[in-house]
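Engineer: Below is run_1.csv; it holds CSV, C-alpha atoms.
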```csv
chain,number,residue,atom,x,y,z
A,1,MET,CA,-3.8,-23.9,19.1
A,2,THR,CA,-7.2,-22.9,17.6
A,3,ILE,CA,-7.8,-19.4,18.7
A,4,MET,CA,-5.8,-16.1,18.9
A,5,PRO,CA,-6.1,-12.5,19.9
A,6,ALA,CA,-7.2,-10.1,17.1
A,7,TRP,CA,-9.1,-6.9,16.3
A,8,VAL,CA,-12.0,-7.7,14.1
A,9,ILE,CA,-15.1,-6.1,12.6
A,10,ASP,CA,-18.4,-8.0,12.4
A,11,LYS,CA,-20.2,-5.6,10.1
A,12,TYR,CA,-19.3,-2.5,8.0
A,13,GLY,CA,-19.7,0.9,9.6
A,14,SER,CA,-17.5,3.4,11.4
A,15,ASN,CA,-14.6,2.9,13.8
A,16,ASP,CA,-16.9,1.8,16.6
A,17,VAL,CA,-17.4,-1.5,14.9
A,18,LEU,CA,-13.8,-2.5,15.8
A,19,ARG,CA,-13.9,-5.2,18.4
A,20,TYR,CA,-11.0,-6.9,20.3
A,21,THR,CA,-11.3,-10.6,20.8
A,22,LYS,CA,-9.2,-13.4,22.2
A,23,ASN,CA,-11.2,-16.0,20.3
A,24,ALA,CA,-10.4,-15.2,16.6
A,25,SER,CA,-9.9,-18.3,14.5
A,26,PHE,CA,-6.2,-19.3,14.2
A,27,PRO,CA,-5.1,-19.2,10.6
A,28,ILE,CA,-4.8,-22.6,8.8
A,29,ILE,CA,-2.5,-23.6,5.9
A,30,ASN,CA,-4.9,-24.6,3.2
A,31,TYR,CA,-2.4,-24.7,0.3
A,32,PRO,CA,1.1,-26.2,0.2
A,33,ASN,CA,2.7,-22.9,-0.8
A,34,GLU,CA,1.4,-21.0,2.3
A,35,VAL,CA,3.2,-19.9,5.4
A,36,ILE,CA,1.9,-18.8,8.9
A,37,VAL,CA,3.6,-15.7,10.2
A,38,LYS,CA,3.7,-14.6,13.9
A,39,VAL,CA,3.0,-10.8,13.7
A,40,TYR,CA,5.3,-8.5,15.6
A,41,ALA,CA,4.2,-5.3,14.0
A,42,ALA,CA,1.3,-4.3,11.7
A,43,GLY,CA,1.1,-1.2,9.4
A,44,LEU,CA,-2.2,0.6,8.8
A,45,ASN,CA,-3.2,2.3,5.5
A,46,PRO,CA,-6.0,4.5,4.3
A,47,ILE,CA,-7.6,1.4,2.6
A,48,ASP,CA,-8.1,0.0,6.1
A,49,VAL,CA,-10.3,2.9,7.1
A,50,SER,CA,-12.2,2.6,3.8
A,51,MET,CA,-12.7,-1.1,4.2
A,52,ILE,CA,-14.3,-0.6,7.7
A,53,ALA,CA,-17.0,1.4,5.8
A,54,GLY,CA,-17.4,-1.4,3.3
A,55,TYR,CA,-15.4,0.1,0.4
A,56,GLY,CA,-14.6,-2.6,-2.2
A,57,SER,CA,-16.7,-5.2,-0.5
A,58,ALA,CA,-18.4,-6.4,-3.7
A,59,THR,CA,-15.1,-7.0,-5.5
A,60,LEU,CA,-13.3,-8.4,-2.5
A,61,SER,CA,-16.1,-10.8,-1.8
A,62,MET,CA,-15.8,-12.1,-5.4
A,63,LYS,CA,-12.1,-12.5,-4.9
A,64,ARG,CA,-12.5,-14.4,-1.7
A,65,ASP,CA,-15.4,-16.6,-3.0
A,66,PRO,CA,-15.2,-16.7,-6.9
A,67,LEU,CA,-17.9,-19.3,-7.3
A,68,ASN,CA,-20.3,-17.4,-4.9
A,69,ILE,CA,-20.8,-20.6,-2.8
A,70,LYS,CA,-20.8,-18.8,0.6
A,71,GLN,CA,-23.6,-16.7,1.9
A,72,THR,CA,-23.4,-12.9,2.2
A,73,GLY,CA,-21.4,-11.7,5.1
A,74,SER,CA,-19.1,-14.8,5.2
A,75,GLU,CA,-16.1,-12.5,5.3
A,76,PHE,CA,-16.9,-11.6,9.0
A,77,PRO,CA,-15.3,-11.5,11.5
A,78,LEU,CA,-12.9,-9.6,9.3
A,79,ILE,CA,-9.4,-8.7,10.4
A,80,LEU,CA,-7.9,-5.5,8.9
A,81,GLY,CA,-4.2,-4.5,8.5
A,82,ARG,CA,-2.3,-4.7,5.3
A,83,ASP,CA,1.3,-4.6,6.4
A,84,VAL,CA,3.1,-7.3,8.5
A,85,SER,CA,6.6,-7.7,9.9
A,86,GLY,CA,7.2,-10.9,11.9
A,87,VAL,CA,8.7,-14.4,11.9
A,88,ILE,CA,7.6,-17.5,10.1
A,89,MET,CA,6.1,-20.1,12.4
A,90,GLU,CA,5.0,-22.8,10.0
A,91,CYS,CA,5.6,-23.6,6.3
A,92,GLY,CA,3.5,-25.5,3.8
A,93,LEU,CA,5.0,-28.6,2.1
A,94,ASP,CA,5.9,-26.8,-1.1
A,95,VAL,CA,7.7,-23.9,0.6
A,96,LYS,CA,11.4,-24.1,-0.2
A,97,TYR,CA,12.6,-20.5,0.1
A,98,PHE,CA,11.7,-20.0,3.8
A,99,ARG,CA,11.9,-21.9,7.0
A,100,GLU,CA,10.6,-21.6,10.6
A,101,GLY,CA,12.2,-18.7,12.4
A,102,ASP,CA,12.9,-16.5,9.3
A,103,GLU,CA,12.2,-12.8,9.9
A,104,VAL,CA,9.9,-11.7,7.1
A,105,TRP,CA,7.7,-8.8,5.9
A,106,ALA,CA,4.8,-8.7,3.5
A,107,ALA,CA,2.0,-6.6,2.0
A,108,ILE,CA,-1.3,-8.5,2.6
A,109,PRO,CA,-3.9,-8.4,-0.3
A,110,PRO,CA,-7.1,-6.7,0.8
A,111,TRP,CA,-9.1,-9.9,0.2
A,112,LYS,CA,-7.2,-11.8,2.8
A,113,GLN,CA,-7.4,-11.7,6.6
A,114,GLY,CA,-5.0,-8.9,7.9
A,115,SER,CA,-2.3,-8.4,10.4
A,116,LEU,CA,-4.1,-6.9,13.4
A,117,ALA,CA,-3.8,-10.4,14.9
A,118,GLU,CA,-1.2,-12.5,16.5
A,119,PHE,CA,-0.8,-14.7,13.4
A,120,VAL,CA,-1.6,-14.4,9.7
A,121,VAL,CA,-1.5,-16.9,6.8
A,122,LEU,CA,0.0,-15.8,3.4
A,123,SER,CA,1.2,-17.3,0.2
A,124,ALA,CA,5.0,-17.7,0.2
A,125,ASN,CA,5.2,-15.6,-3.0
A,126,GLU,CA,3.7,-12.6,-1.1
A,127,VAL,CA,6.4,-12.8,1.6
A,128,SER,CA,10.0,-11.6,1.6
A,129,ARG,CA,12.9,-11.6,4.0
A,130,LYS,CA,12.8,-8.5,6.2
A,131,PRO,CA,15.6,-6.0,5.7
A,132,LYS,CA,18.3,-6.6,8.3
A,133,SER,CA,18.8,-2.9,9.0
A,134,LEU,CA,15.2,-2.3,10.1
A,135,SER,CA,13.3,-3.1,13.3
A,136,HIS,CA,9.9,-4.8,13.0
A,137,ILE,CA,8.1,-1.5,13.7
A,138,GLU,CA,10.1,0.2,10.9
A,139,ALA,CA,9.6,-2.8,8.5
A,140,ALA,CA,5.8,-2.7,9.0
A,141,ALA,CA,5.8,0.8,7.7
A,142,ILE,CA,6.9,-0.1,4.2
A,143,PRO,CA,5.4,-3.2,2.3
A,144,TYR,CA,1.9,-2.0,1.3
A,145,VAL,CA,3.0,1.5,0.2
A,146,ALA,CA,6.2,0.1,-1.4
A,147,SER,CA,4.2,-2.5,-3.4
A,148,THR,CA,1.7,0.1,-4.5
A,149,ALA,CA,4.5,2.6,-5.6
A,150,TRP,CA,6.5,-0.2,-7.2
A,151,SER,CA,3.5,-1.5,-9.1
A,152,ALA,CA,2.7,2.1,-10.3
A,153,LEU,CA,6.3,3.3,-11.1
A,154,VAL,CA,7.9,0.0,-12.3
A,155,ASN,CA,5.1,-2.2,-13.7
A,156,THR,CA,2.9,0.6,-15.1
A,157,GLY,CA,5.4,3.4,-15.5
A,158,GLY,CA,8.2,1.3,-16.9
A,159,LEU,CA,10.9,2.9,-14.6
A,160,ASN,CA,13.9,1.0,-13.2
A,161,ARG,CA,17.3,1.7,-11.8
A,162,ASP,CA,18.9,1.8,-15.3
A,163,ASN,CA,16.5,4.2,-17.0
A,164,CYS,CA,15.6,6.6,-14.3
A,165,ASN,CA,18.7,8.8,-14.2
A,166,LYS,CA,17.8,12.6,-14.6
A,167,LYS,CA,14.2,11.8,-15.5
A,168,ARG,CA,11.8,14.5,-14.2
A,169,ILE,CA,9.2,13.0,-11.9
A,170,LEU,CA,6.3,14.8,-10.2
A,171,ILE,CA,4.6,13.3,-7.1
A,172,LEU,CA,1.2,14.9,-6.3
A,173,GLY,CA,0.7,14.4,-2.6
A,174,GLY,CA,4.2,13.4,-1.4
A,175,SER,CA,4.1,13.3,2.4
A,176,GLY,CA,1.9,10.2,2.9
A,177,GLY,CA,3.0,6.6,2.9
A,178,VAL,CA,3.2,6.0,-0.9
A,179,GLY,CA,4.7,9.5,-1.5
A,180,THR,CA,7.5,9.2,1.1
A,181,PHE,CA,8.5,5.8,-0.3
A,182,ALA,CA,8.3,6.9,-3.9
A,183,ILE,CA,10.6,9.9,-3.3
A,184,GLN,CA,13.3,7.7,-1.8
A,185,LEU,CA,13.0,5.0,-4.5
A,186,LEU,CA,13.2,7.5,-7.3
A,187,LYS,CA,16.1,9.4,-5.8
A,188,ALA,CA,18.0,6.1,-5.2
A,189,TRP,CA,17.6,5.6,-9.0
A,190,GLY,CA,18.9,9.1,-9.9
A,191,ALA,CA,15.6,10.9,-10.8
A,192,ASN,CA,14.9,14.6,-10.4
A,193,VAL,CA,11.8,14.6,-8.1
A,194,THR,CA,9.3,17.4,-7.6
A,195,VAL,CA,6.7,17.0,-4.8
A,196,THR,CA,3.5,18.8,-3.8
A,197,CYS,CA,2.6,18.7,-0.1
A,198,SER,CA,1.6,21.1,2.7
A,199,GLN,CA,4.1,23.6,4.1
A,200,ASN,CA,4.5,21.7,7.4
A,201,ALA,CA,5.6,18.5,5.5
A,202,GLU,CA,8.2,20.3,3.4
A,203,ARG,CA,11.1,19.6,5.7
A,204,LEU,CA,10.2,15.8,5.7
A,205,VAL,CA,10.0,15.5,2.0
A,206,ARG,CA,13.2,17.5,1.4
A,207,GLY,CA,14.9,15.3,4.0
A,208,LEU,CA,13.9,12.3,1.9
A,209,GLY,CA,15.6,13.9,-1.1
A,210,ALA,CA,12.9,15.9,-3.0
A,211,ASP,CA,14.6,18.4,-5.3
A,212,HIS,CA,11.7,20.8,-5.6
A,213,VAL,CA,8.6,21.2,-3.3
A,214,VAL,CA,5.4,23.1,-4.1
A,215,ASP,CA,3.2,24.0,-1.1
A,216,TYR,CA,-0.5,23.3,-1.8
A,217,THR,CA,-1.6,25.3,1.2
A,218,ALA,CA,-0.3,28.5,-0.4
A,219,GLY,CA,-2.9,28.3,-3.1
A,220,SER,CA,-3.4,26.4,-6.4
A,221,VAL,CA,-0.3,24.3,-7.4
A,222,GLU,CA,-1.2,24.4,-11.1
A,223,ALA,CA,0.5,27.8,-11.8
A,224,PRO,CA,3.8,27.1,-10.0
A,225,LEU,CA,4.0,23.7,-11.5
A,226,SER,CA,3.2,25.0,-15.0
A,227,ALA,CA,6.2,27.4,-14.7
A,228,LEU,CA,8.6,24.4,-14.3
A,229,GLU,CA,10.2,22.3,-17.0
A,230,LYS,CA,7.8,19.6,-18.1
A,231,PHE,CA,7.8,16.1,-16.6
A,232,ASP,CA,8.5,12.5,-17.8
A,233,LEU,CA,6.1,11.0,-15.3
A,234,ILE,CA,3.5,12.1,-12.8
A,235,LEU,CA,2.4,9.9,-9.9
A,236,ASP,CA,-0.9,11.2,-8.5
A,237,ASN,CA,-1.9,10.3,-4.9
A,238,VAL,CA,-4.5,13.1,-4.7
A,239,GLY,CA,-7.0,12.6,-7.5
A,240,GLY,CA,-10.0,14.9,-7.7
A,241,ASP,CA,-9.7,17.7,-10.3
A,242,THR,CA,-5.9,17.2,-10.6
A,243,GLU,CA,-6.5,15.2,-13.8
A,244,ARG,CA,-8.1,18.2,-15.4
A,245,TRP,CA,-4.8,20.1,-15.5
A,246,ALA,CA,-1.9,17.8,-14.5
A,247,LEU,CA,-1.6,16.0,-17.9
A,248,GLY,CA,-0.6,19.4,-19.4
A,249,LEU,CA,2.6,19.2,-17.3
A,250,LEU,CA,3.9,16.2,-19.2
A,251,LYS,CA,6.4,16.3,-22.1
A,252,PRO,CA,4.3,15.6,-25.2
A,253,TRP,CA,5.1,12.9,-27.7
A,254,CYS,CA,8.0,11.5,-25.5
A,255,GLY,CA,6.2,8.5,-24.0
A,256,ALA,CA,5.5,10.6,-20.8
A,257,LYS,CA,3.0,9.0,-18.4
A,258,TYR,CA,0.4,10.2,-15.9
A,259,ILE,CA,-0.4,7.5,-13.4
A,260,THR,CA,-3.1,8.0,-10.8
A,261,LEU,CA,-3.6,5.8,-7.7
A,262,VAL,CA,-7.1,7.4,-7.1
A,263,THR,CA,-9.3,5.3,-9.3
A,264,PRO,CA,-13.1,4.6,-9.3
A,265,PHE,CA,-12.7,0.8,-9.9
A,266,LEU,CA,-13.9,-0.5,-6.5
A,267,GLN,CA,-16.4,2.3,-6.2
A,268,ASN,CA,-17.9,1.3,-9.5
A,269,THR,CA,-18.2,-2.3,-8.6
A,270,ASP,CA,-19.7,-1.5,-5.2
A,271,LEU,CA,-22.4,0.7,-6.8
A,272,LEU,CA,-23.1,-1.1,-10.1
A,273,GLY,CA,-22.2,-4.8,-9.3
A,274,ILE,CA,-19.2,-6.7,-10.6
A,275,ALA,CA,-20.1,-6.9,-14.3
A,276,ASP,CA,-21.5,-3.4,-14.8
A,277,GLY,CA,-18.9,-1.9,-12.6
A,278,MET,CA,-16.1,-3.5,-14.5
A,279,LEU,CA,-17.7,-2.4,-17.8
A,280,GLN,CA,-18.1,1.2,-16.5
A,281,THR,CA,-14.4,1.1,-15.4
A,282,GLY,CA,-13.2,-0.1,-18.7
A,283,VAL,CA,-15.1,2.5,-20.6
A,284,THR,CA,-13.8,5.3,-18.3
A,285,VAL,CA,-10.2,4.4,-18.5
A,286,ALA,CA,-10.3,3.7,-22.3
A,287,SER,CA,-11.9,7.0,-23.1
A,288,LYS,CA,-9.5,8.9,-20.9
A,289,ALA,CA,-6.5,7.0,-22.3
A,290,ILE,CA,-7.6,7.8,-25.9
A,291,LYS,CA,-8.4,11.4,-25.2
A,292,HIS,CA,-4.9,12.0,-23.7
A,293,LEU,CA,-3.1,9.9,-26.3
A,294,THR,CA,-4.2,12.4,-28.9
A,295,LYS,CA,-2.2,15.0,-26.9
A,296,GLY,CA,0.9,12.8,-26.9
A,297,VAL,CA,0.8,11.6,-23.3
A,298,HIS,CA,-0.2,8.3,-21.7
A,299,TYR,CA,-2.9,8.1,-19.1
A,300,ARG,CA,-2.8,5.1,-16.7
A,301,TRP,CA,-4.3,3.7,-13.5
A,302,GLY,CA,-2.0,2.3,-10.9
A,303,PHE,CA,-3.0,-0.5,-8.4
A,304,PHE,CA,-1.5,-2.3,-5.5
A,305,ALA,CA,0.0,-5.6,-6.5
A,306,PRO,CA,1.4,-8.0,-3.8
A,307,SER,CA,4.8,-9.3,-4.7
A,308,GLY,CA,7.4,-11.0,-2.6
A,309,PRO,CA,10.1,-10.6,-5.4
A,310,ALA,CA,9.5,-6.8,-5.6
A,311,LEU,CA,9.9,-6.7,-1.8
A,312,ASP,CA,13.2,-8.6,-2.2
A,313,ASP,CA,14.5,-5.9,-4.5
A,314,ILE,CA,13.2,-3.2,-2.1
A,315,SER,CA,14.8,-4.9,0.9
A,316,GLU,CA,18.2,-4.7,-0.9
A,317,ILE,CA,17.8,-0.9,-1.5
A,318,VAL,CA,16.7,-0.5,2.2
A,319,ASP,CA,19.8,-2.4,3.4
A,320,GLU,CA,22.0,-0.2,1.2
A,321,GLY,CA,20.8,2.7,3.3
A,322,LYS,CA,18.9,4.4,0.4
A,323,ILE,CA,15.4,4.0,1.7
A,324,LYS,CA,14.3,4.5,5.3
A,325,ALA,CA,11.0,3.8,7.0
A,326,VAL,CA,8.9,6.9,7.7
A,327,VAL,CA,6.9,6.1,10.8
A,328,ASP,CA,4.4,8.9,11.7
A,329,GLU,CA,3.2,7.3,14.9
A,330,GLN,CA,3.1,3.9,16.6
A,331,PHE,CA,0.5,2.4,18.8
A,332,LEU,CA,0.1,-0.6,21.2
A,333,PHE,CA,-2.1,-3.5,20.2
A,334,SER,CA,-4.6,-2.3,22.8
A,335,GLN,CA,-4.8,1.1,21.1
A,336,VAL,CA,-6.0,0.0,17.6
A,337,PRO,CA,-9.1,2.2,17.7
A,338,GLN,CA,-7.0,5.3,18.4
A,339,ALA,CA,-4.7,4.3,15.5
A,340,PHE,CA,-7.7,4.2,13.2
A,341,GLN,CA,-8.9,7.6,14.5
A,342,LYS,CA,-5.5,9.1,13.7
A,343,LEU,CA,-5.5,7.5,10.3
A,344,GLU,CA,-9.0,8.9,9.6
A,345,LYS,CA,-7.9,12.5,10.1
A,346,GLY,CA,-5.6,12.2,7.0
A,347,HIS,CA,-2.6,14.5,6.4
A,348,ALA,CA,-0.3,11.7,7.3
A,349,ARG,CA,3.5,12.2,7.5
A,350,GLY,CA,4.5,8.6,6.7
A,351,LYS,CA,2.9,5.6,8.3
A,352,THR,CA,0.8,4.5,11.3
A,353,VAL,CA,2.2,1.3,12.9
A,354,VAL,CA,0.8,-1.0,15.6
A,355,HIS,CA,3.1,-3.0,17.9
A,356,ILE,CA,1.5,-6.5,18.1
A,357,SER,CA,4.1,-8.6,20.1
A,358,SER,CA,7.7,-8.8,20.9
A,359,PRO,CA,10.3,-11.2,19.3
A,360,ARG,CA,11.3,-12.6,22.7
A,361,ASN,CA,8.1,-14.7,22.9
A,362,ALA,CA,8.1,-15.8,19.3
A,363,PHE,CA,8.0,-19.5,20.0
A,364,GLU,CA,6.1,-19.6,23.3
```
Rewrite the structure of this file - the entire thing - as structure tokens.
Structural biologist:
Amino acid sequence: MTIMPAWVIDKYGSNDVLRYTKNASFPIINYPNEVIVKVYAAGLNPIDVSMIAGYGSATLSMKRDPLNIKQTGSEFPLILGRDVSGVIMECGLDVKYFREGDEVWAAIPPWKQGSLAEFVVLSANEVSRKPKSLSHIEAAAIPYVASTAWSALVNTGGLNRDNCNKKRILILGGSGGVGTFAIQLLKAWGANVTVTCSQNAERLVRGLGADHVVDYTAGSVEAPLSALEKFDLILDNVGGDTERWALGLLKPWCGAKYITLVTPFLQNTDLLGIADGMLQTGVTVASKAIKHLTKGVHYRWGFFAPSGPALDDISEIVDEGKIKAVVDEQFLFSQVPQAFQKLEKGHARGKTVVHISSPRNAFE
């Protein structure tokens, strides 16, 4: 087999550059620690919409081709889709933890070919066994947002199941993919969680366990949040001018952290090139960190980090019944352009998932 069905883009632009093909290159195992996964379901994320427009292309090209050997545009045809749930079809020689037929899920790094295809190749350390309690559609709604939230809260924020009890956490923008996952993880670990979202998402976030909800459509959230007891950690999915006032909501001189997932890193490198962009990014985050440290709070940037071991831990919590998949809407493989249109509108209530193929024809 050398070709497969996939949705690809051949250039950057708007949603109309999406193209269905039956002749996409079949993925190849190039390294002995890689696996090929047959895709049953793929999850879409806001970064997929951004990547269609070329967001992060300078940095991601460097990651794909560090020695700059290939010519510009060598990433095309590019397959999007950052979440995958499926079954392992083939393992590299060094892969010991998985075997053919294992049901798995993974978050696919943005520099790799994505999951809007019949097959995808991944490093074994990016893959994890799928939670037994979830269908493939449900499983495809979790890995990318879970890996992002885990990286921010655990790796950057220092939280874990042993130190989270009764900690006061604020999630700015709680009804999207990262927010709905973070609420459930933090509640599973015993935290007190406050969330901002629109009024029509309040029922959803309360159903996931949020202790306190502030409606941003009723006006500025700054005043109602300032009236509450101060927080140990803030996770910001909104960005914009929230930085201006949100750090004042943290407990001073207690190791409290503000972590934003809305960073200018890829934008800087797109505009200024890799070297100058990274320099600008370093200056920005250092100056902000120092400024806020003088007020007794920590300012940090959070990033997506692919991790099979993190997904192993998350899978356990899912199978304990403490985290459920929040699927906003699901689409057929033929409806990928409509799925992107839905994603583009924003105001998500969980995740958008695409059904790629069914388990019954896994080994056909």
Engineer: Between A:Glu118, A:Glu229, A:Asp312, A:Asp16, single out the one closest to Ser357 in chain A, counting only C-alpha atoms.
Structural biologist: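 Going through A:Glu118, A:Glu229, A:Asp312, A:Asp16 one by one, the smallest distance to Ser357 in chain A is for A:Glu118.
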Engineer: Excluding Ser151 in chain A and its own-chain neighbours fewer than 6 positions away, which residues fall within 8 Å of it when counting only C-alpha atoms? Please give them as a PyMOL selection string.
Structural biologist: chain A and resi 302-305
Engineer: Using all atoms listed in the file, determine which residues lie at most 7 Å from range 39-53 of chain A, disregarding the query and same-chain residues fewer than 6 positions distant; provide the list as a PyMOL selection string.
Structural biologist: chain A and resi 12-14+80-87+115-119+136-137+140-141+340+343-344+352-359
Engineer: Would you mind exporting C-alpha atoms of the selected residues as a JSON list (two decimals), in the frame of the given file?
Structural biologist:
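Result file is again38.json:
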```
[["chain", "number", "residue", "atom", "x", "y", "z"],
["A", 12, "TYR", "CA", -19.30, -2.50, 8.00],
["A", 13, "GLY", "CA", -19.70, 0.90, 9.60],
["A", 14, "SER", "CA", -17.50, 3.40, 11.40],
["A", 80, "LEU", "CA", -7.90, -5.50, 8.90],
["A", 81, "GLY", "CA", -4.20, -4.50, 8.50],
["A", 82, "ARG", "CA", -2.30, -4.70, 5.30],
["A", 83, "ASP", "CA", 1.30, -4.60, 6.40],
["A", 84, "VAL", "CA", 3.10, -7.30, 8.50],
["A", 85, "SER", "CA", 6.60, -7.70, 9.90],
["A", 86, "GLY", "CA", 7.20, -10.90, 11.90],
["A", 87, "VAL", "CA", 8.70, -14.40, 11.90],
["A", 115, "SER", "CA", -2.30, -8.40, 10.40],
["A", 116, "LEU", "CA", -4.10, -6.90, 13.40],
["A", 117, "ALA", "CA", -3.80, -10.40, 14.90],
["A", 118, "GLU", "CA", -1.20, -12.50, 16.50],
["A", 119, "PHE", "CA", -0.80, -14.70, 13.40],
["A", 136, "HIS", "CA", 9.90, -4.80, 13.00],
["A", 137, "ILE", "CA", 8.10, -1.50, 13.70],
["A", 140, "ALA", "CA", 5.80, -2.70, 9.00],
["A", 141, "ALA", "CA", 5.80, 0.80, 7.70],
["A", 340, "PHE", "CA", -7.70, 4.20, 13.20],
["A", 343, "LEU", "CA", -5.50, 7.50, 10.30],
["A", 344, "GLU", "CA", -9.00, 8.90, 9.60],
["A", 352, "THR", "CA", 0.80, 4.50, 11.30],
["A", 353, "VAL", "CA", 2.20, 1.30, 12.90],
["A", 354, "VAL", "CA", 0.80, -1.00, 15.60],
["A", 355, "HIS", "CA", 3.10, -3.00, 17.90],
["A", 356, "ILE", "CA", 1.50, -6.50, 18.10],
["A", 357, "SER", "CA", 4.10, -8.60, 20.10],
["A", 358, "SER", "CA", 7.70, -8.80, 20.90],
["A", 359, "PRO", "CA", 10.30, -11.20, 19.30]]
```
Engineer: I need every residue sitting at most 8 Å from the point (6.8, 17.1, 0.4) (coordinates as in the file, only C-alpha atoms considered), written as a ChimeraX atom specification.
Structural biologist: /A:173-175,180,195-199,201-206,210,213-215
Engineer: Dump C-alpha atoms for the selected residues as a tab-separated table (two decimals), keeping the file's coordinate frame?
Structural biologist:
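Output below, filename again.tsv:
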```tsv
chain	number	residue	atom	x	y	z
A	173	GLY	CA	0.70	14.40	-2.60
A	174	GLY	CA	4.20	13.40	-1.40
A	175	SER	CA	4.10	13.30	2.40
A	180	THR	CA	7.50	9.20	1.10
A	195	VAL	CA	6.70	17.00	-4.80
A	196	THR	CA	3.50	18.80	-3.80
A	197	CYS	CA	2.60	18.70	-0.10
A	198	SER	CA	1.60	21.10	2.70
A	199	GLN	CA	4.10	23.60	4.10
A	201	ALA	CA	5.60	18.50	5.50
A	202	GLU	CA	8.20	20.30	3.40
A	203	ARG	CA	11.10	19.60	5.70
A	204	LEU	CA	10.20	15.80	5.70
A	205	VAL	CA	10.00	15.50	2.00
A	206	ARG	CA	13.20	17.50	1.40
A	210	ALA	CA	12.90	15.90	-3.00
A	213	VAL	CA	8.60	21.20	-3.30
A	214	VAL	CA	5.40	23.10	-4.10
A	215	ASP	CA	3.20	24.00	-1.10
```
Engineer: For a quick check of your reading of the model, name the residues lying within 9 Å of the coordinate (6.1, 18.3, -26.0), counting all atoms listed in the file, and write them as a ChimeraX atom specification.
Structural biologist: /A:230,250-254,295-297
Engineer: For the residues in the current selection, export C-alpha atoms as a short mmCIF file (atom, residue, chain, number, x, y, z; two decimals), in the frame of the given file.
Structural biologist:
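So out20.cif came out as:
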```
data_model
loop_
_atom_site.label_atom_id
_atom_site.label_comp_id
_atom_site.auth_asym_id
_atom_site.auth_seq_id
_atom_site.Cartn_x
_atom_site.Cartn_y
_atom_site.Cartn_z
CA LYS A 230 7.80 19.60 -18.10
CA LEU A 250 3.90 16.20 -19.20
CA LYS A 251 6.40 16.30 -22.10
CA PRO A 252 4.30 15.60 -25.20
CA TRP A 253 5.10 12.90 -27.70
CA CYS A 254 8.00 11.50 -25.50
CA LYS A 295 -2.20 15.00 -26.90
CA GLY A 296 0.90 12.80 -26.90
CA VAL A 297 0.80 11.60 -23.30
#
```
Engineer: Show which residues sit within 12 Å of Lys130 in chain A, as a PyMOL selection string. Count all atoms listed in the file, and ignore same-chain residues fewer than 6 positions away.
Structural biologist: chain A and resi 84-88+98+101-107+136-143+308+311-319
Engineer: What's the separation between CA of Leu60 in chain A and CA of Ile79 in chain A, in Å to one decimal place?
Structural biologist: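 Pair CA of Leu60 in chain A / CA of Ile79 in chain A returns 13.5 Å.
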Engineer: Name the residues in contact with Val8 in chain A at a cut-off of 10 Å, using all atoms listed in the file, excluding same-chain residues fewer than 2 positions from it; report them as a ChimeraX atom specification.
Structural biologist: /A:5-6,10-11,17-21,24,52,76-80,113-114,116-117
Engineer: Which residue gives the smallest distance to Val121 in chain A among A:Val35, A:Ala191, A:Ile183, A:Leu172, with all atoms listed in the file counted?
Structural biologist: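 When distances to Val121 in chain A are compared using all atoms listed in the file, the smallest one comes from A:Val35.
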Engineer: Just the number, please: distance in Å from CA of Val178 in chain A to CA of Leu235 in chain A, one decimal.
Structural biologist: 9.8 Å
Engineer: Might you pull out every residue within 8 Å of Asp211 in chain A, with only C-alpha atoms counted and same-chain residues fewer than 3 positions away left off, and present them as JSON, numbers by chain?
Structural biologist: {"A": [192, 193, 194, 206]}
Engineer: Considering all atoms listed in the file, can you say which of A:Ile36, A:Val120, A:Ile9, A:Gln330 comes closest to Gly73 in chain A?
Structural biologist: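 Using all atoms listed in the file, the shortest distance to Gly73 in chain A belongs to A:Ile9.
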Engineer: For a test of reading the model, state the distance in Å between CA of Gly209 in chain A and CA of Ala188 in chain A, rounded to one decimal.
Structural biologist: 9.1 Å
Engineer: Ranking A:Ile3, A:Leu249, A:Val145, A:Val95 by minimum distance to Ala227 in chain A and counting all atoms listed in the file, which one comes first?
Structural biologist: A:Leu249
Engineer: Taking all atoms listed in the file into account, which of A:Ile169, A:Ile28, A:Ala218, A:Leu261 comes nearest Phe231 in chain A?
Structural biologist: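 For Phe231 in chain A, the nearest of the candidates is A:Ile169.
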